[in-house]
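One file, work.txt, is given below (compact mmCIF, C-alpha atoms and all ligand atoms).
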```txt
# COMPACT_ATOMS: atom_id res chain seq x y z
CA MET A 1 0.00 0.00 0.00
CA SER A 2 1.35 3.47 -0.83
CA ILE A 3 2.36 5.83 1.97
CA ALA A 4 -0.28 8.35 0.89
CA LEU A 5 -3.01 5.69 1.10
CA GLN A 6 -1.89 4.60 4.58
CA GLU A 7 -1.95 8.22 5.74
CA LEU A 8 -5.39 8.75 4.24
CA GLU A 9 -6.80 5.68 5.94
CA ARG A 10 -5.37 6.70 9.30
CA THR A 11 -6.84 10.18 9.04
CA VAL A 12 -10.25 8.90 7.93
CA GLY A 13 -10.23 6.49 10.87
CA GLU A 14 -9.49 9.31 13.32
CA LEU A 15 -12.07 11.66 11.85
CA THR A 16 -14.88 9.11 11.83
CA VAL A 17 -14.53 7.89 15.41
CA PRO A 18 -18.11 7.16 16.61
CA GLY A 19 -19.67 10.00 18.57
CA LYS A 20 -17.30 12.68 17.27
CA GLY A 21 -17.60 15.29 14.55
CA ILE A 22 -15.79 18.19 12.94
CA LEU A 23 -15.77 21.86 13.93
CA ALA A 24 -15.63 24.19 10.93
CA ALA A 25 -13.66 27.22 12.09
CA ASP A 26 -12.49 28.14 8.61
CA GLU A 27 -14.44 31.32 7.97
CA SER A 28 -12.65 33.64 5.58
CA VAL A 29 -11.82 37.12 6.88
CA GLY A 30 -14.95 38.56 5.23
CA THR A 31 -17.24 35.90 6.69
CA ILE A 32 -15.90 36.06 10.24
CA GLU A 33 -16.16 39.84 10.06
CA LYS A 34 -19.92 39.46 9.47
CA ARG A 35 -20.23 37.04 12.39
CA PHE A 36 -18.22 39.34 14.69
CA LYS A 37 -20.24 42.36 13.64
CA ALA A 38 -23.45 40.60 14.67
CA VAL A 39 -22.12 40.44 18.26
CA ASN A 40 -20.47 43.87 18.15
CA ALA A 41 -16.93 42.51 18.19
CA ALA A 42 -14.16 44.23 16.25
CA CYS A 43 -12.57 42.12 13.51
CA THR A 44 -8.77 42.36 13.46
CA GLU A 45 -6.05 39.79 13.09
CA GLU A 46 -5.71 39.89 16.85
CA THR A 47 -9.40 39.41 17.69
CA ARG A 48 -9.64 36.56 15.20
CA ARG A 49 -6.63 34.99 16.93
CA ASP A 50 -8.14 35.51 20.39
CA TYR A 51 -11.48 34.05 19.40
CA ARG A 52 -9.99 30.97 17.77
CA GLU A 53 -7.57 30.47 20.63
CA LEU A 54 -10.59 30.48 22.94
CA LEU A 55 -12.36 27.85 20.82
CA PHE A 56 -9.38 25.53 20.49
CA SER A 57 -8.42 25.65 24.15
CA THR A 58 -11.92 24.70 25.33
CA PRO A 59 -11.34 22.05 28.00
CA GLY A 60 -12.61 18.62 26.96
CA LEU A 61 -13.33 19.62 23.33
CA GLY A 62 -11.51 16.51 22.11
CA ASP A 63 -14.16 14.31 23.70
CA PHE A 64 -16.63 15.30 20.98
CA ILE A 65 -14.57 16.85 18.19
CA SER A 66 -12.22 14.73 16.07
CA GLY A 67 -11.10 17.45 13.65
CA VAL A 68 -11.14 21.19 13.09
CA ILE A 69 -11.10 22.93 9.72
CA LEU A 70 -8.91 26.05 9.82
CA PHE A 71 -8.60 29.13 7.67
CA GLU A 72 -5.10 29.67 6.24
CA GLU A 73 -4.40 32.63 8.53
CA THR A 74 -4.98 30.48 11.65
CA LEU A 75 -2.40 27.87 10.65
CA LYS A 76 0.35 30.38 11.31
CA GLN A 77 -1.07 32.29 14.27
CA LYS A 78 0.33 31.94 17.76
CA SER A 79 -1.49 31.95 21.08
CA LEU A 80 -0.78 34.46 23.84
CA THR A 81 1.64 31.91 25.25
CA SER A 82 3.41 31.73 21.87
CA MET A 83 2.07 28.33 20.90
CA LEU A 84 0.91 27.82 17.30
CA LEU A 85 -2.90 27.67 17.38
CA PRO A 86 -3.03 24.28 15.60
CA GLN A 87 -0.81 22.96 18.39
CA LEU A 88 -3.61 23.70 20.88
CA LEU A 89 -5.73 21.25 18.91
CA ALA A 90 -3.00 18.64 18.66
CA GLU A 91 -2.67 18.77 22.46
CA GLN A 92 -6.35 17.84 22.76
CA GLY A 93 -5.91 14.94 20.33
CA ILE A 94 -7.80 16.79 17.58
CA ALA A 95 -6.60 16.58 13.97
CA TYR A 96 -6.58 19.78 11.93
CA GLY A 97 -7.18 20.50 8.30
CA ILE A 98 -7.63 23.54 6.14
CA LYS A 99 -10.08 25.19 3.79
CA VAL A 100 -8.24 25.37 0.48
CA ASP A 101 -10.75 26.99 -1.84
CA ARG A 102 -10.59 30.72 -2.41
CA GLY A 103 -14.28 31.55 -2.28
CA THR A 104 -16.85 31.90 -5.03
CA VAL A 105 -17.27 34.14 -8.08
CA PRO A 106 -20.22 34.50 -10.50
CA LEU A 107 -20.27 31.85 -13.23
CA THR A 108 -19.98 33.79 -16.47
CA GLY A 109 -23.07 33.45 -18.65
CA PHE A 110 -25.17 31.89 -15.88
CA PRO A 111 -26.89 34.59 -13.83
CA GLY A 112 -27.30 33.67 -10.17
CA GLU A 113 -24.86 30.75 -10.32
CA LYS A 114 -21.35 30.49 -8.90
CA MET A 115 -18.01 28.80 -9.29
CA THR A 116 -15.40 28.24 -6.62
CA GLN A 117 -11.89 29.59 -7.15
CA GLY A 118 -8.55 28.19 -6.04
CA LEU A 119 -7.42 25.36 -8.35
CA ASP A 120 -4.51 27.38 -9.79
CA GLY A 121 -1.38 26.62 -7.77
CA LEU A 122 -3.35 24.33 -5.47
CA GLN A 123 -0.88 21.45 -5.67
CA GLN A 124 1.88 23.62 -4.30
CA ARG A 125 -0.29 25.09 -1.56
CA LEU A 126 -1.42 21.62 -0.49
CA GLY A 127 2.22 20.59 -0.11
CA GLU A 128 2.85 23.62 2.11
CA TYR A 129 -0.20 22.98 4.29
CA LYS A 130 0.84 19.36 4.68
CA GLN A 131 4.28 20.48 5.85
CA MET A 132 2.50 22.54 8.48
CA GLY A 133 0.67 19.51 9.82
CA ALA A 134 -2.68 19.68 8.02
CA ARG A 135 -4.19 16.20 7.63
CA PHE A 136 -7.22 17.07 5.52
CA ALA A 137 -8.55 19.82 3.28
CA LYS A 138 -11.95 21.26 2.44
CA TRP A 139 -13.36 22.71 -0.77
CA ARG A 140 -16.85 24.25 -0.87
CA ALA A 141 -18.94 24.47 -4.01
CA VAL A 142 -22.20 26.40 -3.88
CA ILE A 143 -25.42 25.63 -5.70
CA ALA A 144 -28.31 28.08 -5.48
CA ILE A 145 -31.97 27.21 -6.09
CA GLY A 146 -34.12 29.76 -7.92
CA ALA A 147 -36.08 30.38 -11.12
CA GLY A 148 -34.41 28.23 -13.78
CA ILE A 149 -31.43 27.38 -11.57
CA PRO A 150 -29.41 25.38 -10.90
CA THR A 151 -28.51 24.59 -14.49
CA SER A 152 -26.92 21.26 -15.34
CA GLN A 153 -23.90 23.20 -16.65
CA ALA A 154 -23.26 24.85 -13.28
CA ILE A 155 -23.70 21.54 -11.48
CA ALA A 156 -21.29 19.75 -13.82
CA ALA A 157 -18.66 22.51 -13.65
CA ASN A 158 -18.72 22.59 -9.86
CA ALA A 159 -18.64 18.79 -9.62
CA HIS A 160 -15.63 18.71 -11.93
CA ASP A 161 -13.65 21.17 -9.80
CA LEU A 162 -14.54 19.36 -6.57
CA ALA A 163 -13.25 16.14 -8.11
CA SER A 164 -9.99 17.73 -9.35
CA TYR A 165 -9.31 19.15 -5.91
CA ALA A 166 -10.12 15.81 -4.24
CA ALA A 167 -7.72 13.95 -6.55
CA MET A 168 -4.91 16.42 -5.79
CA CYS A 169 -5.47 16.08 -2.04
CA GLN A 170 -5.35 12.31 -2.08
CA GLU A 171 -2.17 12.30 -4.16
CA LEU A 172 -0.48 14.18 -1.31
CA GLY A 173 -2.01 12.19 1.56
CA LEU A 174 -4.57 14.83 2.58
CA VAL A 175 -8.15 13.61 3.08
CA PRO A 176 -10.53 15.68 0.95
CA ILE A 177 -13.71 16.94 2.58
CA VAL A 178 -15.92 17.34 -0.45
CA GLU A 179 -18.53 20.03 0.19
CA PRO A 180 -21.24 20.61 -2.40
CA GLU A 181 -23.66 22.96 -0.63
CA VAL A 182 -27.18 23.40 -1.95
CA LEU A 183 -28.14 26.70 -0.33
CA MET A 184 -31.17 27.18 1.93
CA ASP A 185 -31.80 30.69 0.55
CA GLY A 186 -35.23 31.03 -1.07
CA ASP A 187 -38.79 29.82 -0.66
CA HIS A 188 -38.41 26.45 -2.38
CA THR A 189 -39.98 23.36 -0.84
CA LEU A 190 -38.39 20.32 0.78
CA ALA A 191 -39.19 18.35 -2.39
CA THR A 192 -37.29 20.86 -4.55
CA CYS A 193 -34.27 20.71 -2.27
CA ALA A 194 -34.43 16.91 -2.46
CA ARG A 195 -34.54 16.93 -6.26
CA VAL A 196 -31.66 19.38 -6.59
CA THR A 197 -29.49 17.72 -3.91
CA GLU A 198 -29.98 14.36 -5.60
CA GLU A 199 -28.89 15.77 -8.94
CA VAL A 200 -25.87 17.52 -7.41
CA LEU A 201 -24.64 14.49 -5.45
CA HIS A 202 -25.12 12.26 -8.46
CA ALA A 203 -22.95 14.62 -10.55
CA VAL A 204 -20.32 14.91 -7.80
CA PHE A 205 -19.89 11.14 -7.45
CA HIS A 206 -19.79 10.72 -11.20
CA ALA A 207 -16.99 13.30 -11.38
CA LEU A 208 -15.13 11.73 -8.44
CA HIS A 209 -15.23 8.39 -10.25
CA GLN A 210 -13.99 9.96 -13.48
CA HIS A 211 -11.10 11.61 -11.63
CA ARG A 212 -10.11 8.26 -10.03
CA VAL A 213 -10.67 9.50 -6.51
CA THR A 214 -10.61 6.75 -3.87
CA LEU A 215 -14.05 6.90 -2.30
CA GLU A 216 -12.90 5.07 0.84
CA CYS A 217 -10.55 7.96 1.61
CA LEU A 218 -12.77 11.03 1.52
CA LEU A 219 -15.52 12.56 3.59
CA LEU A 220 -18.65 14.11 2.10
CA LYS A 221 -19.91 17.36 3.60
CA PRO A 222 -23.38 17.90 2.14
CA ASN A 223 -26.37 20.01 3.07
CA MET A 224 -29.30 18.29 4.71
CA VAL A 225 -32.44 18.16 2.61
CA VAL A 226 -34.49 21.04 4.07
CA PRO A 227 -37.07 23.50 2.75
CA GLY A 228 -35.82 26.97 1.79
CA ALA A 229 -35.52 29.37 4.73
CA ALA A 230 -38.43 31.43 3.35
CA CYS A 231 -40.67 28.46 2.51
CA SER A 232 -44.03 28.70 4.29
CA GLU A 233 -44.03 24.98 4.99
CA GLN A 234 -41.12 24.07 7.26
CA ALA A 235 -40.24 20.43 8.03
CA THR A 236 -39.96 18.33 11.19
CA PRO A 237 -36.69 16.57 12.06
CA HIS A 238 -38.33 13.29 11.03
CA GLN A 239 -39.21 14.70 7.58
CA VAL A 240 -35.73 16.16 7.12
CA ALA A 241 -34.14 12.88 8.17
CA GLN A 242 -36.28 10.80 5.80
CA ALA A 243 -35.75 13.11 2.83
CA THR A 244 -32.01 13.38 3.46
CA LEU A 245 -31.48 9.64 3.92
CA THR A 246 -33.49 8.85 0.79
CA CYS A 247 -31.35 11.27 -1.19
CA LEU A 248 -28.06 9.93 0.24
CA ARG A 249 -29.03 6.30 -0.35
CA ARG A 250 -29.72 7.08 -3.99
CA THR A 251 -26.46 8.89 -4.62
CA VAL A 252 -23.63 8.18 -2.15
CA PRO A 253 -21.77 4.88 -2.60
CA ALA A 254 -21.41 2.67 0.49
CA ALA A 255 -17.62 2.94 0.07
CA VAL A 256 -17.71 6.49 1.46
CA PRO A 257 -16.80 6.19 5.15
CA GLY A 258 -18.40 9.31 6.55
CA ILE A 259 -20.91 12.03 5.83
CA ASN A 260 -20.41 15.16 7.93
CA PHE A 261 -23.22 17.63 7.36
CA LEU A 262 -22.84 21.39 7.17
CA SER A 263 -25.41 23.43 9.10
CA GLY A 264 -25.95 26.00 6.34
CA GLY A 265 -28.02 28.52 8.31
CA GLN A 266 -30.14 26.11 10.36
CA SER A 267 -30.42 27.13 14.00
CA ASP A 268 -28.08 25.27 16.29
CA ALA A 269 -31.00 23.40 17.88
CA ALA A 270 -32.47 22.40 14.49
CA ALA A 271 -29.11 21.18 13.17
CA THR A 272 -28.73 18.94 16.23
CA ALA A 273 -32.31 17.66 16.16
CA ASN A 274 -32.13 16.85 12.44
CA LEU A 275 -28.85 14.97 12.78
CA ASN A 276 -30.25 13.09 15.74
CA ALA A 277 -33.34 12.06 13.78
CA MET A 278 -31.13 10.51 11.10
CA ASN A 279 -29.12 8.53 13.61
CA ALA A 280 -32.18 7.54 15.66
CA THR A 281 -33.99 5.83 12.77
CA ALA A 282 -34.16 2.07 12.86
CA GLN A 283 -32.91 1.89 9.25
CA SER A 284 -29.22 1.11 8.98
CA HIS A 285 -26.92 3.04 6.67
CA PRO A 286 -23.41 2.31 5.47
CA TRP A 287 -21.76 5.65 6.36
CA ALA A 288 -21.05 7.34 9.69
CA LEU A 289 -23.46 10.29 9.87
CA SER A 290 -21.96 13.16 11.78
CA PHE A 291 -21.47 16.92 11.69
CA SER A 292 -19.01 19.46 10.34
CA TYR A 293 -20.82 22.52 11.60
CA GLY A 294 -19.63 26.10 11.61
CA ARG A 295 -22.49 28.31 12.72
CA ALA A 296 -24.47 25.61 14.53
CA LEU A 297 -21.49 24.89 16.81
CA GLN A 298 -20.15 28.39 17.20
CA ALA A 299 -23.24 30.63 17.40
CA PRO A 300 -23.84 30.31 21.17
CA ALA A 301 -20.11 30.69 21.90
CA LEU A 302 -19.88 33.83 19.77
CA LYS A 303 -22.90 35.31 21.50
CA ALA A 304 -21.38 34.61 24.90
CA TRP A 305 -17.97 36.01 23.90
CA ARG A 306 -18.94 39.30 22.20
CA GLY A 307 -15.27 40.21 21.79
CA GLU A 308 -14.60 40.40 25.55
CA SER A 309 -11.85 38.29 27.08
CA ALA A 310 -13.77 38.33 30.38
CA ASN A 311 -16.43 36.14 28.68
CA LYS A 312 -13.97 33.46 27.63
CA ILE A 313 -15.09 30.76 30.06
CA ASN A 314 -18.78 31.25 29.30
CA ALA A 315 -18.05 31.07 25.59
CA GLN A 316 -16.04 27.87 26.01
CA GLN A 317 -18.84 26.34 28.05
CA ALA A 318 -21.30 27.23 25.26
CA LEU A 319 -19.10 25.55 22.64
CA TYR A 320 -18.58 22.51 24.85
CA GLN A 321 -22.32 22.18 25.36
CA ARG A 322 -23.12 22.32 21.60
CA ALA A 323 -20.33 19.86 20.83
CA ARG A 324 -21.63 17.48 23.51
CA LEU A 325 -25.22 17.66 22.20
CA ASN A 326 -24.12 17.05 18.62
CA SER A 327 -22.04 14.11 19.78
CA ALA A 328 -25.21 12.69 21.34
CA ALA A 329 -27.02 13.34 18.03
CA CYS A 330 -24.40 11.26 16.20
CA GLN A 331 -25.56 8.36 18.33
CA GLY A 332 -29.29 9.12 18.12
CA GLN A 333 -29.27 9.94 21.84
CA TYR A 334 -30.02 13.67 21.85
CA THR A 335 -33.00 14.96 23.76
CA ALA A 336 -33.95 18.63 23.37
P1 LIG B 401 -22.00 26.08 8.43
O1 LIG B 401 -22.20 24.87 9.30
O2 LIG B 401 -22.13 27.37 9.17
O3 LIG B 401 -22.81 26.00 7.17
O4 LIG B 401 -20.48 26.08 7.99
C1 LIG B 401 -19.93 24.93 7.52
C2 LIG B 401 -18.91 25.26 6.52
O5 LIG B 401 -17.78 24.86 6.65
C3 LIG B 401 -19.29 26.03 5.33
O6 LIG B 401 -18.29 25.96 4.37
```

Would it be possible to restate this file's structure as structure tokens?
Amino acid sequence: MSIALQELERTVGELTVPGKGILAADESVGTIEKRFKAVNAACTEETRRDYRELLFSTPGLGDFISGVILFEETLKQKSLTSMLLPQLLAEQGIAYGIKVDRGTVPLTGFPGEKMTQGLDGLQQRLGEYKQMGARFAKWRAVIAIGAGIPTSQAIAANAHDLASYAAMCQELGLVPIVEPEVLMDGDHTLATCARVTEEVLHAVFHALHQHRVTLECLLLKPNMVVPGAACSEQATPHQVAQATLTCLRRTVPAAVPGINFLSGGQSDAAATANLNAMNATAQSHPWALSFSYGRALQAPALKAWRGESANKINAQQALYQRARLNSAACQGQYTA
């Protein structure tokens, strides 16, 4: 077996430990600025460092979190005690990886649709991140639902780039976290989200196959099948679980070891309840179903922190609590 394959298998094994999930702390500067603004916190290199140091030094975080996705800036930042921030994670037995895409731009000729940037020079960057201890990498593609969209062209183009990135990661021994996100924005129904998500995942796995990506050595980070945020008919956790599992069974090969959902704008409580409903069903499924939440893990911690170091312990307790509840949801044992 090649060294890269052995490394990939070891990382997948660590990330998919039962009862643990992934914390997405990889917001770009622009995105974290929006989140900080909502709690009246200033956004500077220093406050971003302080906030992430707070998250990563949460006592006991490693009991529920197997991996953290970082933004490039964080890889090189040091704590107040001069320790590299990723080292704080390593000390808790948590693996770290990195978001490697460079955000989205409009897809020329397709109004309302987007492409993700970052393939140019990616091979070299992946090598550098690996040198710095990253074990996995994430790439997010975005699919919007609206009048006449998504088009099959946008789906195919995004699937192609996700597959190219995944192949490059595996070549270097980094586990790809493949994230095709069908957005919740809009008033579309649960059934529409199900139809679009099925089409997107089908295209993504077709592209992964064409690019000779080893399915056993990647994680999928999809959206759950939910109605649009503005849809008048919202869904129960049971309905979300049934629609999501139906979609995944139709499209995701059993070779894929783990599916770690994004939260995508669901409230933290809804994201936990929906994940729990999937794991509580009597039906068995071939993949570990877990989380890779950003907002749904961090929102209560951010609210408690508000940019003030005096609130650090409360914020850490809020993160710990969300991580613990989502861990329970991975085992179908969450109660609201
Ligand atoms: P959310 O859970 O907030 O959607 O973030 C996950 C993520 O990593 C988006 O790329």

- [ ] Rank nothing, just name the residue among A:Pro111, A:Ile155, A:Gly97, A:Gly21 nearest to Lys130 of chain A, using only C-alpha atoms.
- [x]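 For Lys130 of chain A, the nearest of the candidates is A:Gly97.
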
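Atom pair atom CA of Val12 of chain A / atom CA of Pro257 of chain A has a distance of 7.6 Å (rounded to one decimal).
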
Open item on the list: Counting only C-alpha atoms and all ligand atoms, what are the residues, protein, DNA or RNA alike, that approach ligand LIG 401 (chain B) to within 10 Å? I want them as a ChimeraX atom specification.
Closed with: /A:22-28,68-70,99,101,103,138-142,177,179-181,183-184,221-223,260-268,271,291-299

Task: Sphere at (-36.2, 10.8, 3.5), radius 12 Å, counting only C-alpha atoms: residues as a ChimeraX atom specification - done: /A:190-191,193-195,198,224-226,235-250,274,277-278,281,283

Output the selection as an mmCIF file, keeping the file's coordinate frame - C-alpha atoms for each residue.
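To be explicit, this is the file written out as result-v4.cif:
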```cif
data_model
loop_
_atom_site.group_PDB
_atom_site.id
_atom_site.type_symbol
_atom_site.label_atom_id
_atom_site.label_comp_id
_atom_site.auth_asym_id
_atom_site.auth_seq_id
_atom_site.Cartn_x
_atom_site.Cartn_y
_atom_site.Cartn_z
ATOM 1 C CA LEU A 190 -38.390 20.320 0.780
ATOM 2 C CA ALA A 191 -39.190 18.350 -2.390
ATOM 3 C CA CYS A 193 -34.270 20.710 -2.270
ATOM 4 C CA ALA A 194 -34.430 16.910 -2.460
ATOM 5 C CA ARG A 195 -34.540 16.930 -6.260
ATOM 6 C CA GLU A 198 -29.980 14.360 -5.600
ATOM 7 C CA MET A 224 -29.300 18.290 4.710
ATOM 8 C CA VAL A 225 -32.440 18.160 2.610
ATOM 9 C CA VAL A 226 -34.490 21.040 4.070
ATOM 10 C CA ALA A 235 -40.240 20.430 8.030
ATOM 11 C CA THR A 236 -39.960 18.330 11.190
ATOM 12 C CA PRO A 237 -36.690 16.570 12.060
ATOM 13 C CA HIS A 238 -38.330 13.290 11.030
ATOM 14 C CA GLN A 239 -39.210 14.700 7.580
ATOM 15 C CA VAL A 240 -35.730 16.160 7.120
ATOM 16 C CA ALA A 241 -34.140 12.880 8.170
ATOM 17 C CA GLN A 242 -36.280 10.800 5.800
ATOM 18 C CA ALA A 243 -35.750 13.110 2.830
ATOM 19 C CA THR A 244 -32.010 13.380 3.460
ATOM 20 C CA LEU A 245 -31.480 9.640 3.920
ATOM 21 C CA THR A 246 -33.490 8.850 0.790
ATOM 22 C CA CYS A 247 -31.350 11.270 -1.190
ATOM 23 C CA LEU A 248 -28.060 9.930 0.240
ATOM 24 C CA ARG A 249 -29.030 6.300 -0.350
ATOM 25 C CA ARG A 250 -29.720 7.080 -3.990
ATOM 26 C CA ASN A 274 -32.130 16.850 12.440
ATOM 27 C CA ALA A 277 -33.340 12.060 13.780
ATOM 28 C CA MET A 278 -31.130 10.510 11.100
ATOM 29 C CA THR A 281 -33.990 5.830 12.770
ATOM 30 C CA GLN A 283 -32.910 1.890 9.250
#
```

TODO: Rank A:Tyr165, A:Tyr320, A:Trp287, A:Tyr129 by their smallest atom-to-atom distance to Leu61 of chain A, using only C-alpha atoms, and report the top residue only.
DONE: A:Tyr320

Task: Distance query 12 Å from (-25.7, 11.9, 16.1) using all atoms listed in the file, result as a PyMOL selection string - done: chain A and resi 16-21+64+241+259-261+271-281+288-292+323-335

Task: Length of the atom CA of Gln153 of chain A to atom CA of Leu215 of chain A vector [Å] - done: 23.8 Å

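Among A:Ala95, A:Ala230, A:Met168, A:Ala137, the residue with the shortest atom-to-atom distance to Arg212 of chain A, counting all atoms listed in the file, is A:Met168.
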
Task: Contacts of Glu9 of chain A at 12 Å (all atoms listed in the file; same-chain gap of 2+ positions) as a PyMOL selection string - done: chain A and resi 1-7+11-16+135-136+170+173-176+214-219+256-257

Task: Shortest interatomic distance to Glu46 of chain A - which of A:Asp187, A:Leu8, A:Gly307, A:Gln124, counting all atoms listed in the file - done: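 The closest residue to Glu46 of chain A is A:Gly307.
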
TODO: Take atom CA of Thr104 of chain A and atom CA of Glu199 of chain A and report the distance between them in Å, one decimal.
DONE: 20.5 Å

Padding 4 Å on each side, edges along x, y and z: where is the centre of the box around the listed atoms of segment 149-162 of chain A, and how long are its edges in Å to one decimal? Output it as JSON.
```
{"center_x": -22.5, "center_y": 23.0, "center_z": -11.6, "size_x": 25.8, "size_y": 16.7, "size_z": 18.1}
```

Keeping N, CA and C atoms, write segment 282-300 of chain A of the structure just shown out as a JSON list (two decimals), in the first residue's frame.
```
[["chain", "number", "residue", "atom", "x", "y", "z"],
["A", 282, "ALA", "N", -34.47, 3.50, 12.74],
["A", 282, "ALA", "CA", -34.16, 2.07, 12.86],
["A", 282, "ALA", "C", -33.44, 1.56, 11.60],
["A", 283, "GLN", "N", -33.54, 2.35, 10.50],
["A", 283, "GLN", "CA", -32.91, 1.89, 9.25],
["A", 283, "GLN", "C", -31.39, 2.00, 9.40],
["A", 284, "SER", "N", -30.68, 1.00, 8.89],
["A", 284, "SER", "CA", -29.22, 1.11, 8.98],
["A", 284, "SER", "C", -28.70, 1.80, 7.72],
["A", 285, "HIS", "N", -27.54, 2.42, 7.85],
["A", 285, "HIS", "CA", -26.92, 3.04, 6.67],
["A", 285, "HIS", "C", -25.43, 2.76, 6.70],
["A", 286, "PRO", "N", -24.80, 2.76, 5.53],
["A", 286, "PRO", "CA", -23.41, 2.31, 5.47],
["A", 286, "PRO", "C", -22.37, 3.34, 5.89],
["A", 287, "TRP", "N", -22.74, 4.60, 6.04],
["A", 287, "TRP", "CA", -21.76, 5.65, 6.36],
["A", 287, "TRP", "C", -21.97, 6.14, 7.78],
["A", 288, "ALA", "N", -20.90, 6.65, 8.40],
["A", 288, "ALA", "CA", -21.05, 7.34, 9.69],
["A", 288, "ALA", "C", -21.70, 8.68, 9.39],
["A", 289, "LEU", "N", -22.77, 9.01, 10.10],
["A", 289, "LEU", "CA", -23.46, 10.29, 9.87],
["A", 289, "LEU", "C", -23.16, 11.22, 11.02],
["A", 290, "SER", "N", -22.41, 12.28, 10.72],
["A", 290, "SER", "CA", -21.96, 13.16, 11.78],
["A", 290, "SER", "C", -22.06, 14.62, 11.32],
["A", 291, "PHE", "N", -21.36, 15.49, 11.98],
["A", 291, "PHE", "CA", -21.47, 16.92, 11.69],
["A", 291, "PHE", "C", -20.12, 17.54, 11.33],
["A", 292, "SER", "N", -20.18, 18.60, 10.59],
["A", 292, "SER", "CA", -19.01, 19.46, 10.34],
["A", 292, "SER", "C", -19.55, 20.88, 10.37],
["A", 293, "TYR", "N", -20.10, 21.26, 11.51],
["A", 293, "TYR", "CA", -20.82, 22.52, 11.60],
["A", 293, "TYR", "C", -19.90, 23.71, 11.88],
["A", 294, "GLY", "N", -20.26, 24.83, 11.27],
["A", 294, "GLY", "CA", -19.63, 26.10, 11.61],
["A", 294, "GLY", "C", -20.55, 26.84, 12.54],
["A", 295, "ARG", "N", -21.57, 27.49, 11.93],
["A", 295, "ARG", "CA", -22.49, 28.31, 12.72],
["A", 295, "ARG", "C", -23.19, 27.55, 13.83],
["A", 296, "ALA", "N", -23.67, 26.33, 13.54],
["A", 296, "ALA", "CA", -24.47, 25.61, 14.53],
["A", 296, "ALA", "C", -23.65, 25.17, 15.75],
["A", 297, "LEU", "N", -22.32, 25.17, 15.63],
["A", 297, "LEU", "CA", -21.49, 24.89, 16.81],
["A", 297, "LEU", "C", -21.04, 26.18, 17.48],
["A", 298, "GLN", "N", -20.78, 27.19, 16.65],
["A", 298, "GLN", "CA", -20.15, 28.39, 17.20],
["A", 298, "GLN", "C", -21.12, 29.48, 17.65],
["A", 299, "ALA", "N", -22.35, 29.49, 17.14],
["A", 299, "ALA", "CA", -23.24, 30.63, 17.40],
["A", 299, "ALA", "C", -23.39, 30.95, 18.89],
["A", 300, "PRO", "N", -23.68, 29.96, 19.75],
["A", 300, "PRO", "CA", -23.84, 30.31, 21.17],
["A", 300, "PRO", "C", -22.53, 30.80, 21.80]]
```
